[in-house]
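Read through the structure below, which is laid out as structure tokens, and then see the notes.
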Amino acid sequence: MEKSLKRMATMHKMQVTGLELFYKQGYYNTSVDDILKKLSLSKGAFYYHFKSKEDFFISILQSLVVKKVYSMLIEPIEGHDNPIDLISNCLEEVLQTAEHNENDYGFVLHNFITEFNGKNPEIMKYLNDTLKVWEVNLVSTLQRGKFNGYVDRHIDCEGVASYIISSFMGVRTLMVEGSATSLRYRYMQQIRFYLRAMAHKQVA
């Protein structure tokens, strides 16, 4: 039992360090030697836990990236009746966190989707599945808002979810090199206006 816990702790430490390197440098610009050097590990120790660099990266997606996306963008809006302000508040919190991150290289999921697109179908499946979970959550949250009378019944929930995801990914990319505070402020002004325009209008 103790040996198993120690192995899990070692793997977690490796995954956290690996994610930091892949996020900063990109998957293809990060070698196994880079990871070993950062962790002060031997190749034998690395290959004891993981079959390959790709296997290591997939384990990071499964254990860290999915959890990160879920805790930041899915959990805060799950199971609530009125999604209008909830979604915008959730987005603003994530953007504020990024704004104050000195080592911001963009939205981790978007970065990897861009890097692997057309190059590695297996890894792309994991990335697209994570993106799909976020999209489905947004759609179901908006549909729940419709059902409970907070969102106008004519709203295309799938279209809104696609717009939110694509616009969020876009502003996160711009924030890396641009004025993060100004970009966040302007984006949030517009997204709030957009979302509030979807609210169900009460008939006087």
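Just so we're on the same page: first chain in the structure tokens is A, next is B, and so on; residues restart at 1 for each chain, and ligands are numbered from 1 in the order they show up.
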
If you take only C-alpha atoms and a cut-off of 10 Å, which residues of region 112-176 of chain A touch region 45-68 of chain A, and what are their nearest atom pairs and distances in Å to one decimal, in chain and number order, as JSON lines?
{"residue": "A:Phe112", "atom": "CA", "partner": "A:Leu61", "partner_atom": "CA", "distance": 10.0}
{"residue": "A:Asn120", "atom": "CA", "partner": "A:Glu54", "partner_atom": "CA", "distance": 9.8}
{"residue": "A:Glu122", "atom": "CA", "partner": "A:Ile58", "partner_atom": "CA", "distance": 9.0}
{"residue": "A:Ile123", "atom": "CA", "partner": "A:Ile58", "partner_atom": "CA", "distance": 6.8}
{"residue": "A:Tyr126", "atom": "CA", "partner": "A:Leu61", "partner_atom": "CA", "distance": 7.3}
{"residue": "A:Leu127", "atom": "CA", "partner": "A:Leu61", "partner_atom": "CA", "distance": 7.7}
{"residue": "A:Asp129", "atom": "CA", "partner": "A:Val66", "partner_atom": "CA", "distance": 9.4}
{"residue": "A:Thr130", "atom": "CA", "partner": "A:Val66", "partner_atom": "CA", "distance": 6.2}
{"residue": "A:Leu131", "atom": "CA", "partner": "A:Val66", "partner_atom": "CA", "distance": 9.2}
{"residue": "A:Val133", "atom": "CA", "partner": "A:Val66", "partner_atom": "CA", "distance": 9.3}
{"residue": "A:Trp134", "atom": "CA", "partner": "A:Val66", "partner_atom": "CA", "distance": 9.8}

Exercise. Can you list every residue in region 47-160 of chain A that DSSP puts in alpha helix (DSSP H), as an MDAnalysis selection string?
Worked result: chainID A and resid 47:49 53:60 66:69 84:99 108:116 121:147 157:160

For this session: With a distance cut-off of 8 Å and only C-alpha atoms, select the neighbouring residues of Tyr150 (chain A), excluding the residue or stretch itself and same-chain residues fewer than 2 positions from it, and output the selection as JSON, numbers by chain.
Result: {"A": [81, 82, 83, 84, 145, 146, 147, 148, 152, 199, 200]}

Problem set entry | Spatial neighbours of region 25-34 of chain A, 9 Å, only C-alpha atoms, chain gap at least 2 places, as a list of chain:residue names |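 Those residues are A:Gly18, A:Glu20, A:Leu21, A:Phe22, A:Tyr23, A:Leu36, A:Lys37, A:Lys38, A:Leu39, A:Lys43, A:Phe46, A:Ser52, A:Lys53, A:Phe57, A:Asn111, A:Phe112, A:Glu115, A:Phe116.
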
Give me, as a PDB file with N, CA and C atoms, in the first residue's frame, all polymer residues having an atom no more than 10 Å from Met175 (chain A), counting only C-alpha atoms and skipping those fewer than 2 positions away in the same chain.
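What follows is the written file selection.pdb:
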ATOM      1  N   LEU A  95     -10.292  34.486 -16.522  1.00  0.00           N
ATOM      2  CA  LEU A  95      -9.476  35.504 -17.186  1.00  0.00           C
ATOM      3  C   LEU A  95      -8.660  36.312 -16.184  1.00  0.00           C
ATOM      4  N   ALA A  98      -5.689  34.268 -15.182  1.00  0.00           N
ATOM      5  CA  ALA A  98      -4.678  34.294 -16.247  1.00  0.00           C
ATOM      6  C   ALA A  98      -3.957  35.638 -16.289  1.00  0.00           C
ATOM      7  N   GLU A  99      -4.711  36.702 -16.092  1.00  0.00           N
ATOM      8  CA  GLU A  99      -4.149  38.057 -16.140  1.00  0.00           C
ATOM      9  C   GLU A  99      -3.038  38.234 -15.102  1.00  0.00           C
ATOM     10  N   ASP A 104       2.029  33.191 -18.181  1.00  0.00           N
ATOM     11  CA  ASP A 104       0.852  32.871 -18.986  1.00  0.00           C
ATOM     12  C   ASP A 104       1.255  32.619 -20.428  1.00  0.00           C
ATOM     13  N   TYR A 105       0.950  31.416 -20.900  1.00  0.00           N
ATOM     14  CA  TYR A 105       1.248  31.065 -22.292  1.00  0.00           C
ATOM     15  C   TYR A 105      -0.032  30.756 -23.059  1.00  0.00           C
ATOM     16  N   GLY A 106      -1.178  31.167 -22.513  1.00  0.00           N
ATOM     17  CA  GLY A 106      -2.445  30.947 -23.192  1.00  0.00           C
ATOM     18  C   GLY A 106      -3.257  29.842 -22.519  1.00  0.00           C
ATOM     19  N   PHE A 107      -4.429  29.582 -23.085  1.00  0.00           N
ATOM     20  CA  PHE A 107      -5.334  28.559 -22.561  1.00  0.00           C
ATOM     21  C   PHE A 107      -4.771  27.186 -22.912  1.00  0.00           C
ATOM     22  N   GLY A 170     -10.045  32.768 -28.164  1.00  0.00           N
ATOM     23  CA  GLY A 170      -9.434  33.887 -28.878  1.00  0.00           C
ATOM     24  C   GLY A 170      -8.870  34.944 -27.948  1.00  0.00           C
ATOM     25  N   VAL A 171      -9.638  35.347 -26.956  1.00  0.00           N
ATOM     26  CA  VAL A 171      -9.163  36.403 -26.051  1.00  0.00           C
ATOM     27  C   VAL A 171      -8.010  35.901 -25.191  1.00  0.00           C
ATOM     28  N   ARG A 172      -8.030  34.605 -24.842  1.00  0.00           N
ATOM     29  CA  ARG A 172      -6.907  34.062 -24.067  1.00  0.00           C
ATOM     30  C   ARG A 172      -5.610  34.099 -24.873  1.00  0.00           C
ATOM     31  N   THR A 173      -5.711  33.843 -26.163  1.00  0.00           N
ATOM     32  CA  THR A 173      -4.528  33.909 -27.025  1.00  0.00           C
ATOM     33  C   THR A 173      -4.005  35.338 -27.111  1.00  0.00           C
ATOM     34  N   GLU A 177       0.209  38.147 -25.361  1.00  0.00           N
ATOM     35  CA  GLU A 177       1.130  39.169 -25.867  1.00  0.00           C
ATOM     36  C   GLU A 177       0.576  40.594 -25.764  1.00  0.00           C
ATOM     37  N   GLY A 178      -0.733  40.718 -25.538  1.00  0.00           N
ATOM     38  CA  GLY A 178      -1.345  42.044 -25.515  1.00  0.00           C
ATOM     39  C   GLY A 178      -1.515  42.575 -24.103  1.00  0.00           C
ATOM     40  N   SER A 179      -2.300  43.642 -23.989  1.00  0.00           N
ATOM     41  CA  SER A 179      -2.599  44.223 -22.684  1.00  0.00           C
ATOM     42  C   SER A 179      -3.702  43.382 -22.033  1.00  0.00           C
ATOM     43  N   ALA A 180      -3.307  42.491 -21.142  1.00  0.00           N
ATOM     44  CA  ALA A 180      -4.237  41.511 -20.575  1.00  0.00           C
ATOM     45  C   ALA A 180      -5.413  42.157 -19.855  1.00  0.00           C
ATOM     46  N   THR A 181      -5.139  43.185 -19.073  1.00  0.00           N
ATOM     47  CA  THR A 181      -6.204  43.846 -18.302  1.00  0.00           C
ATOM     48  C   THR A 181      -7.237  44.487 -19.211  1.00  0.00           C
ATOM     49  N   SER A 182      -6.743  45.224 -20.202  1.00  0.00           N
ATOM     50  CA  SER A 182      -7.626  45.914 -21.142  1.00  0.00           C
ATOM     51  C   SER A 182      -8.437  44.920 -21.969  1.00  0.00           C
ATOM     52  N   LEU A 183      -7.787  43.867 -22.444  1.00  0.00           N
ATOM     53  CA  LEU A 183      -8.472  42.847 -23.243  1.00  0.00           C
ATOM     54  C   LEU A 183      -9.544  42.130 -22.427  1.00  0.00           C
ATOM     55  N   ARG A 184      -9.202  41.779 -21.185  1.00  0.00           N
ATOM     56  CA  ARG A 184     -10.188  41.123 -20.322  1.00  0.00           C
ATOM     57  C   ARG A 184     -11.388  42.028 -20.094  1.00  0.00           C
TER      58      ARG A 184
END

For this session: Could you check how far CA of Ile165 (chain A) sits from CA of Arg196 (chain A), in Å to one decimal?
Result: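 So the two atoms, CA of Ile165 (chain A) and CA of Arg196 (chain A), lie 17.0 Å apart.
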
Problem set entry | Contacts of Ile164 (chain A) at 10 Å (only C-alpha atoms; same-chain gap of 4+ positions) as JSON, numbers by chain | {"A": [87, 88, 91, 135, 138, 159, 160, 168, 169, 170, 191, 194, 195]}

Seminar exercise, completed: Correct to one decimal, the distance CA of Met8 (chain A)-CA of Ile74 (chain A) is 26.1 Å

Problem set entry | Distance of CA of Leu142 (chain A) from CA of His80 (chain A), expressed in Å to one decimal place |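 About the pair CA of His80 (chain A) and CA of Leu142 (chain A): they are 9.8 Å apart.
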
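Compared by their closest atoms to Asn137 (chain A), and using only C-alpha atoms, the residues A:Glu93, A:Ala161, A:Leu109, A:Val176 rank with A:Ala161 nearest.
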